[in-house]
Amino acid sequence: MALDLLAENLRLTYADTRGGSFSVFDIPRLKIPAGAHVGITGPSGSGKTSLLYVLTGIERPTSGSIRWGDVAITDLSERARDRWRRDNIGFIFQDFHLLPAMSPVNNVLVPYTFGRWSVPAEIRQRAADLLDQLGAPKDRHAVSVLSRGEQQRVALARALLNRPGLIVADEPTASLDAASGQVIINLLFDMAKQTGATLLSVTHDPHLIERFDVVYRLQEQSLVRFDKGTVGQKPVVSRAGG
Ligand SMILES: Nc1ncnc2c1ncn2[C@@H]1O[C@H](COP(=O)(O)OP(=O)(O)OP(=O)(O)O)[C@@H](O)[C@H]1O
Ligand SMILES: [Mg+2]
């Protein structure tokens with residue numbers, strides 16, 4: 001089920017090689033309402049992937065809090081956070097993170113198996129049905145032989161298997177041709193709308209950007225909100241907020 005995602009005083013710094021550290025972002029407040037479709041854009045290296053990792057509990061922020069409804073995910077143990085992520089987040093990684101030697105169906109089942117002993121027949125069937133619905137070939141022995149667009153569909157099916165309340169996609173149309181990109185965009189939005197899930201995606205793709213309710217730009221450690229259609233131009237609101 002989709003719930004409000006609220007981040008406050010969110011800071012991330014990474015260690016550098018000289019024993020110091022550098023700041024990736026400093027975000028006083030970001031609220032992503034349940035069921036919203038939100039885009040994040042910004043230059044390469046500005047910290048977009050890192051922000052998605054922090055918001056979904058893959059990575060811990062240096063300071064600050066993140067709440068999903070009433071759950072403060074920044075207060076959870078690593079194990080509880082992993083379980084929370086399995087139950088609530090569908091993540092489509094920038095480079096897919098598929099297991100090359102495994103079949104499409106088994107790739108889709110990977111997050112489901114976390115912390116569980118076996119896969120019920122109906123879940124295996126749902127994985128196969130999702131691959132059909134998304135137009136991904138499910139009869140290949142290994143995902144390594146799939147085209148990039150096909151791999152993207154397998155990654156999407158894997159993200160959707162647990163019916164997540166929050167679908168997160170990191171540049172889901174990057175390096176797809178325009179037609180395949182459009183198919184993935186339509187599938188993402190159809191799936192989010194069918195389940196009422198919140199959709200949060202990093203992208204540079206104008207076709208994807210035009211579909212969001214709200215777009216933010218991450219630049220020079222700040223997250224700035226843009227009016228639709230002015231992405232890449234000057235900000236209309238100076239800071240992220242709810
Ligand atoms: N584990 C890490 N340790 C140190 N620095 C890191 C780490 N992960 C990322 N960085 C640095 O943090 C910055 C942000 O990286 P990130 O991958 O979030 O950028 P991005 O906006 O997603 O870039 P792109 O558009 O190229 O995908 C980069 O300068 C990167 O080198
Ligand atoms: Mg990235």
# chains A, B, ... in the order shown; residues from 1 in each chain; ligands from 1
call {"tool": "residues_near_ligand", "arguments": {"ligand": "ligand 1", "cutoff": "7 Å", "atoms": "only C-alpha atoms and all ligand atoms", "output": "ChimeraX atom specification"}}
result
/A:14-16,24,42-51
call {"tool": "select_by_dssp", "arguments": {"residues": "range 20-219 of chain A", "states": "alpha helix (DSSP H)", "output": "PyMOL selection string"}}
result
chain A and resi 48-55+78-88+104-113+121-133+148-160+178-195+206-209
call {"tool": "write_last_selection", "arguments": {"atoms": "C-alpha atoms", "output": "tab-separated table (two decimals), in the first residue's frame"}}
result
chain	number	residue	atom	x	y	z
A	48	LYS	CA	20.58	11.01	-7.85
A	49	THR	CA	21.27	7.28	-7.48
A	50	SER	CA	22.63	7.87	-3.96
A	51	LEU	CA	19.42	9.74	-3.07
A	52	LEU	CA	17.26	6.83	-4.30
A	53	TYR	CA	19.41	4.40	-2.27
A	54	VAL	CA	19.02	6.52	0.88
A	55	LEU	CA	15.26	7.05	0.44
A	78	GLU	CA	19.53	-3.47	9.01
A	79	ARG	CA	17.53	-6.70	9.00
A	80	ALA	CA	14.22	-4.94	9.64
A	81	ARG	CA	15.07	-2.40	6.94
A	82	ASP	CA	15.78	-5.19	4.44
A	83	ARG	CA	12.42	-6.76	5.24
A	84	TRP	CA	10.65	-3.41	5.00
A	85	ARG	CA	12.25	-2.87	1.59
A	86	ARG	CA	11.23	-6.32	0.37
A	87	ASP	CA	7.61	-5.69	1.40
A	88	ASN	CA	7.24	-2.09	0.23
A	104	PRO	CA	13.87	-14.51	-16.41
A	105	VAL	CA	11.36	-16.13	-14.02
A	106	ASN	CA	14.02	-16.91	-11.41
A	107	ASN	CA	15.36	-13.36	-11.66
A	108	VAL	CA	11.88	-12.01	-10.99
A	109	LEU	CA	11.64	-14.26	-7.90
A	110	VAL	CA	14.97	-13.20	-6.34
A	111	PRO	CA	13.68	-10.43	-4.01
A	112	TYR	CA	10.72	-12.60	-3.00
A	113	THR	CA	13.04	-15.31	-1.73
A	121	ALA	CA	3.35	-22.13	-6.96
A	122	GLU	CA	1.02	-19.12	-7.21
A	123	ILE	CA	3.94	-16.68	-6.77
A	124	ARG	CA	5.93	-18.49	-9.49
A	125	GLN	CA	2.84	-18.24	-11.71
A	126	ARG	CA	2.50	-14.53	-10.94
A	127	ALA	CA	6.14	-14.01	-11.99
A	128	ALA	CA	5.46	-15.78	-15.30
A	129	ASP	CA	2.22	-13.81	-15.82
A	130	LEU	CA	3.99	-10.50	-15.15
A	131	LEU	CA	6.66	-11.34	-17.73
A	132	ASP	CA	3.90	-12.11	-20.24
A	133	GLN	CA	2.05	-8.92	-19.40
A	148	ARG	CA	18.59	-4.48	-23.25
A	149	GLY	CA	14.92	-3.63	-23.67
A	150	GLU	CA	13.95	-7.19	-22.70
A	151	GLN	CA	16.23	-7.06	-19.65
A	152	GLN	CA	14.57	-3.79	-18.64
A	153	ARG	CA	11.17	-5.53	-18.75
A	154	VAL	CA	12.48	-8.39	-16.58
A	155	ALA	CA	13.80	-5.79	-14.10
A	156	LEU	CA	10.38	-4.13	-14.13
A	157	ALA	CA	8.59	-7.45	-13.53
A	158	ARG	CA	10.94	-8.18	-10.62
A	159	ALA	CA	10.19	-4.76	-9.11
A	160	LEU	CA	6.43	-5.32	-9.38
A	178	ALA	CA	12.62	5.87	-28.40
A	179	ALA	CA	9.97	3.22	-29.12
A	180	SER	CA	11.17	0.79	-26.43
A	181	GLY	CA	11.53	3.71	-24.03
A	182	GLN	CA	7.94	4.75	-24.66
A	183	VAL	CA	6.75	1.19	-24.01
A	184	ILE	CA	8.60	1.09	-20.66
A	185	ILE	CA	7.18	4.52	-19.70
A	186	ASN	CA	3.63	3.38	-20.45
A	187	LEU	CA	4.14	0.12	-18.53
A	188	LEU	CA	5.57	1.95	-15.51
A	189	PHE	CA	2.64	4.36	-15.31
A	190	ASP	CA	0.01	1.70	-16.06
A	191	MET	CA	1.37	-0.52	-13.29
A	192	ALA	CA	1.62	2.36	-10.79
A	193	LYS	CA	-1.95	3.44	-11.57
A	194	GLN	CA	-3.35	-0.12	-11.39
A	195	THR	CA	-2.08	-0.56	-7.83
A	206	PRO	CA	11.87	14.49	-21.64
A	207	HIS	CA	9.18	11.92	-22.58
A	208	LEU	CA	9.27	10.57	-19.03
A	209	ILE	CA	9.60	13.99	-17.39
call {"tool": "residues_around", "arguments": {"residues": "range 66-77 of chain A", "least_positions_apart": "3", "cutoff": "8 Å", "atoms": "only C-alpha atoms", "output": "PyMOL selection string"}}
result
chain A and resi 3-8+10+55+57+60+80-81
call {"tool": "closest_residue", "arguments": {"among": "A:Met1, A:Met102, A:Val38, A:Leu12", "to": "Glu210 in chain A", "atoms": "only C-alpha atoms"}}
result
A:Val38
call {"tool": "residues_around", "arguments": {"residues": "Phe212 in chain A", "least_positions_apart": "5", "cutoff": "12 Å", "atoms": "only C-alpha atoms", "output": "ChimeraX atom specification"}}
result
/A:35-41,185,188-189,192,198-203,205-207,226-229,231
call {"tool": "closest_residue", "arguments": {"among": "A:Gly19, A:Pro172, A:Pro61, A:Gly196", "to": "ligand 2", "atoms": "only C-alpha atoms and all ligand atoms"}}
result
A:Pro172
call {"tool": "atom_distance", "arguments": {"atom1": "CA of Leu161 in chain A", "atom2": "CA of Gly90 in chain A"}}
result
8.0 Å
call {"tool": "closest_residue", "arguments": {"among": "A:Leu146, A:Val215, A:Leu99, A:Ala174", "to": "ligand 2", "atoms": "only C-alpha atoms and all ligand atoms"}}
result
A:Ala174
call {"tool": "closest_residue", "arguments": {"among": "A:Ile92, A:Val214, A:Ala34, A:Leu166", "to": "ligand 2", "atoms": "only C-alpha atoms and all ligand atoms"}}
result
A:Ile92
call {"tool": "closest_residue", "arguments": {"among": "A:Leu98, A:Ala169, A:Leu176, A:Leu223", "to": "ligand 2", "atoms": "only C-alpha atoms and all ligand atoms"}}
result
A:Ala169
call {"tool": "select_by_dssp", "arguments": {"residues": "range 35-242 of chain A", "states": "strand (DSSP E or B)", "output": "VMD selection string"}}
result
chain A and resid 37 to 41 63 to 68 71 to 72 89 to 92 166 to 170 198 to 202 214 to 219 222 to 226 237
call {"tool": "write_last_selection", "arguments": {"atoms": "C-alpha atoms", "output": "mmCIF file, in the first residue's frame"}}
result
data_model
loop_
_atom_site.group_PDB
_atom_site.id
_atom_site.type_symbol
_atom_site.label_atom_id
_atom_site.label_comp_id
_atom_site.auth_asym_id
_atom_site.auth_seq_id
_atom_site.Cartn_x
_atom_site.Cartn_y
_atom_site.Cartn_z
ATOM 1 C CA HIS A 37 4.358 10.356 -9.669
ATOM 2 C CA VAL A 38 7.628 12.162 -9.000
ATOM 3 C CA GLY A 39 10.711 12.683 -11.156
ATOM 4 C CA ILE A 40 14.266 13.584 -10.189
ATOM 5 C CA THR A 41 16.738 14.925 -12.716
ATOM 6 C CA SER A 63 22.072 12.222 9.246
ATOM 7 C CA GLY A 64 18.360 12.910 9.062
ATOM 8 C CA SER A 65 15.174 10.870 9.144
ATOM 9 C CA ILE A 66 13.004 9.085 6.605
ATOM 10 C CA ARG A 67 9.456 8.012 7.377
ATOM 11 C CA TRP A 68 7.149 5.782 5.348
ATOM 12 C CA VAL A 71 7.491 3.777 10.146
ATOM 13 C CA ALA A 72 10.784 5.612 10.744
ATOM 14 C CA ILE A 89 9.757 -1.161 -2.483
ATOM 15 C CA GLY A 90 10.102 -2.248 -6.094
ATOM 16 C CA PHE A 91 13.501 -0.999 -7.298
ATOM 17 C CA ILE A 92 14.517 -0.860 -10.958
ATOM 18 C CA LEU A 166 6.624 2.517 -3.874
ATOM 19 C CA ILE A 167 8.062 1.840 -7.339
ATOM 20 C CA VAL A 168 11.525 3.375 -7.762
ATOM 21 C CA ALA A 169 13.253 3.498 -11.147
ATOM 22 C CA ASP A 170 16.773 4.780 -11.868
ATOM 23 C CA THR A 198 3.811 5.887 -5.669
ATOM 24 C CA LEU A 199 6.247 6.222 -8.585
ATOM 25 C CA LEU A 200 9.649 7.839 -8.048
ATOM 26 C CA SER A 201 12.080 7.919 -10.945
ATOM 27 C CA VAL A 202 15.401 9.466 -11.845
ATOM 28 C CA VAL A 214 6.263 16.961 -9.835
ATOM 29 C CA VAL A 215 9.884 17.131 -10.928
ATOM 30 C CA TYR A 216 12.925 17.939 -8.772
ATOM 31 C CA ARG A 217 16.449 18.745 -9.855
ATOM 32 C CA LEU A 218 19.421 17.670 -7.746
ATOM 33 C CA GLN A 219 22.317 20.046 -8.215
ATOM 34 C CA SER A 222 20.329 20.829 -3.115
ATOM 35 C CA LEU A 223 17.040 19.441 -4.351
ATOM 36 C CA VAL A 224 15.046 22.088 -6.190
ATOM 37 C CA ARG A 225 11.484 21.761 -7.385
ATOM 38 C CA PHE A 226 10.636 22.645 -10.982
ATOM 39 C CA VAL A 237 10.636 27.144 -5.910
#
call {"tool": "decode", "arguments": {"residues": "range 97-118 of chain A", "atoms": "N, CA and C atoms", "output": "PDB file, in the first residue's frame"}}
result
ATOM      1  N   HIS A  97      20.935  -4.919 -12.350  1.00  0.00           N
ATOM      2  CA  HIS A  97      21.308  -5.884 -11.302  1.00  0.00           C
ATOM      3  C   HIS A  97      20.593  -7.227 -11.480  1.00  0.00           C
ATOM      4  N   LEU A  98      20.471  -7.691 -12.711  1.00  0.00           N
ATOM      5  CA  LEU A  98      19.913  -9.032 -12.930  1.00  0.00           C
ATOM      6  C   LEU A  98      21.037 -10.059 -12.734  1.00  0.00           C
ATOM      7  N   LEU A  99      20.681 -11.289 -12.447  1.00  0.00           N
ATOM      8  CA  LEU A  99      21.677 -12.359 -12.307  1.00  0.00           C
ATOM      9  C   LEU A  99      21.776 -13.056 -13.659  1.00  0.00           C
ATOM     10  N   PRO A 100      22.892 -12.827 -14.394  1.00  0.00           N
ATOM     11  CA  PRO A 100      22.969 -13.171 -15.812  1.00  0.00           C
ATOM     12  C   PRO A 100      22.707 -14.637 -16.144  1.00  0.00           C
ATOM     13  N   ALA A 101      23.131 -15.546 -15.250  1.00  0.00           N
ATOM     14  CA  ALA A 101      23.008 -16.973 -15.581  1.00  0.00           C
ATOM     15  C   ALA A 101      21.625 -17.522 -15.256  1.00  0.00           C
ATOM     16  N   MET A 102      20.798 -16.731 -14.589  1.00  0.00           N
ATOM     17  CA  MET A 102      19.482 -17.241 -14.178  1.00  0.00           C
ATOM     18  C   MET A 102      18.408 -16.890 -15.194  1.00  0.00           C
ATOM     19  N   SER A 103      17.354 -17.680 -15.211  1.00  0.00           N
ATOM     20  CA  SER A 103      16.262 -17.469 -16.160  1.00  0.00           C
ATOM     21  C   SER A 103      15.487 -16.206 -15.784  1.00  0.00           C
ATOM     22  N   PRO A 104      14.692 -15.679 -16.732  1.00  0.00           N
ATOM     23  CA  PRO A 104      13.870 -14.510 -16.414  1.00  0.00           C
ATOM     24  C   PRO A 104      12.969 -14.747 -15.195  1.00  0.00           C
ATOM     25  N   VAL A 105      12.280 -15.881 -15.139  1.00  0.00           N
ATOM     26  CA  VAL A 105      11.362 -16.131 -14.018  1.00  0.00           C
ATOM     27  C   VAL A 105      12.126 -16.153 -12.695  1.00  0.00           C
ATOM     28  N   ASN A 106      13.269 -16.838 -12.665  1.00  0.00           N
ATOM     29  CA  ASN A 106      14.022 -16.907 -11.409  1.00  0.00           C
ATOM     30  C   ASN A 106      14.577 -15.548 -11.002  1.00  0.00           C
ATOM     31  N   ASN A 107      14.936 -14.718 -11.990  1.00  0.00           N
ATOM     32  CA  ASN A 107      15.357 -13.360 -11.661  1.00  0.00           C
ATOM     33  C   ASN A 107      14.231 -12.579 -11.004  1.00  0.00           C
ATOM     34  N   VAL A 108      13.029 -12.733 -11.540  1.00  0.00           N
ATOM     35  CA  VAL A 108      11.884 -12.008 -10.990  1.00  0.00           C
ATOM     36  C   VAL A 108      11.615 -12.446  -9.546  1.00  0.00           C
ATOM     37  N   LEU A 109      11.936 -13.707  -9.235  1.00  0.00           N
ATOM     38  CA  LEU A 109      11.636 -14.263  -7.905  1.00  0.00           C
ATOM     39  C   LEU A 109      12.701 -13.933  -6.852  1.00  0.00           C
ATOM     40  N   VAL A 110      13.862 -13.403  -7.281  1.00  0.00           N
ATOM     41  CA  VAL A 110      14.975 -13.200  -6.336  1.00  0.00           C
ATOM     42  C   VAL A 110      14.578 -12.387  -5.090  1.00  0.00           C
ATOM     43  N   PRO A 111      13.989 -11.187  -5.237  1.00  0.00           N
ATOM     44  CA  PRO A 111      13.684 -10.429  -4.009  1.00  0.00           C
ATOM     45  C   PRO A 111      12.647 -11.137  -3.140  1.00  0.00           C
ATOM     46  N   TYR A 112      11.742 -11.881  -3.775  1.00  0.00           N
ATOM     47  CA  TYR A 112      10.716 -12.595  -3.004  1.00  0.00           C
ATOM     48  C   TYR A 112      11.354 -13.600  -2.063  1.00  0.00           C
ATOM     49  N   THR A 113      12.437 -14.231  -2.500  1.00  0.00           N
ATOM     50  CA  THR A 113      13.041 -15.314  -1.727  1.00  0.00           C
ATOM     51  C   THR A 113      13.811 -14.801  -0.513  1.00  0.00           C
ATOM     52  N   PHE A 114      14.060 -13.481  -0.448  1.00  0.00           N
ATOM     53  CA  PHE A 114      14.801 -12.955   0.697  1.00  0.00           C
ATOM     54  C   PHE A 114      14.043 -13.242   2.007  1.00  0.00           C
ATOM     55  N   GLY A 115      14.700 -13.971   2.930  1.00  0.00           N
ATOM     56  CA  GLY A 115      14.094 -14.256   4.224  1.00  0.00           C
ATOM     57  C   GLY A 115      12.990 -15.301   4.176  1.00  0.00           C
ATOM     58  N   ARG A 116      12.843 -15.967   3.013  1.00  0.00           N
ATOM     59  CA  ARG A 116      11.809 -17.004   2.913  1.00  0.00           C
ATOM     60  C   ARG A 116      12.442 -18.312   2.467  1.00  0.00           C
ATOM     61  N   TRP A 117      11.798 -19.433   2.820  1.00  0.00           N
ATOM     62  CA  TRP A 117      12.378 -20.743   2.519  1.00  0.00           C
ATOM     63  C   TRP A 117      12.012 -21.236   1.129  1.00  0.00           C
ATOM     64  N   SER A 118      10.783 -20.941   0.688  1.00  0.00           N
ATOM     65  CA  SER A 118      10.348 -21.517  -0.588  1.00  0.00           C
ATOM     66  C   SER A 118       9.413 -20.557  -1.312  1.00  0.00           C
TER      67      SER A 118
END
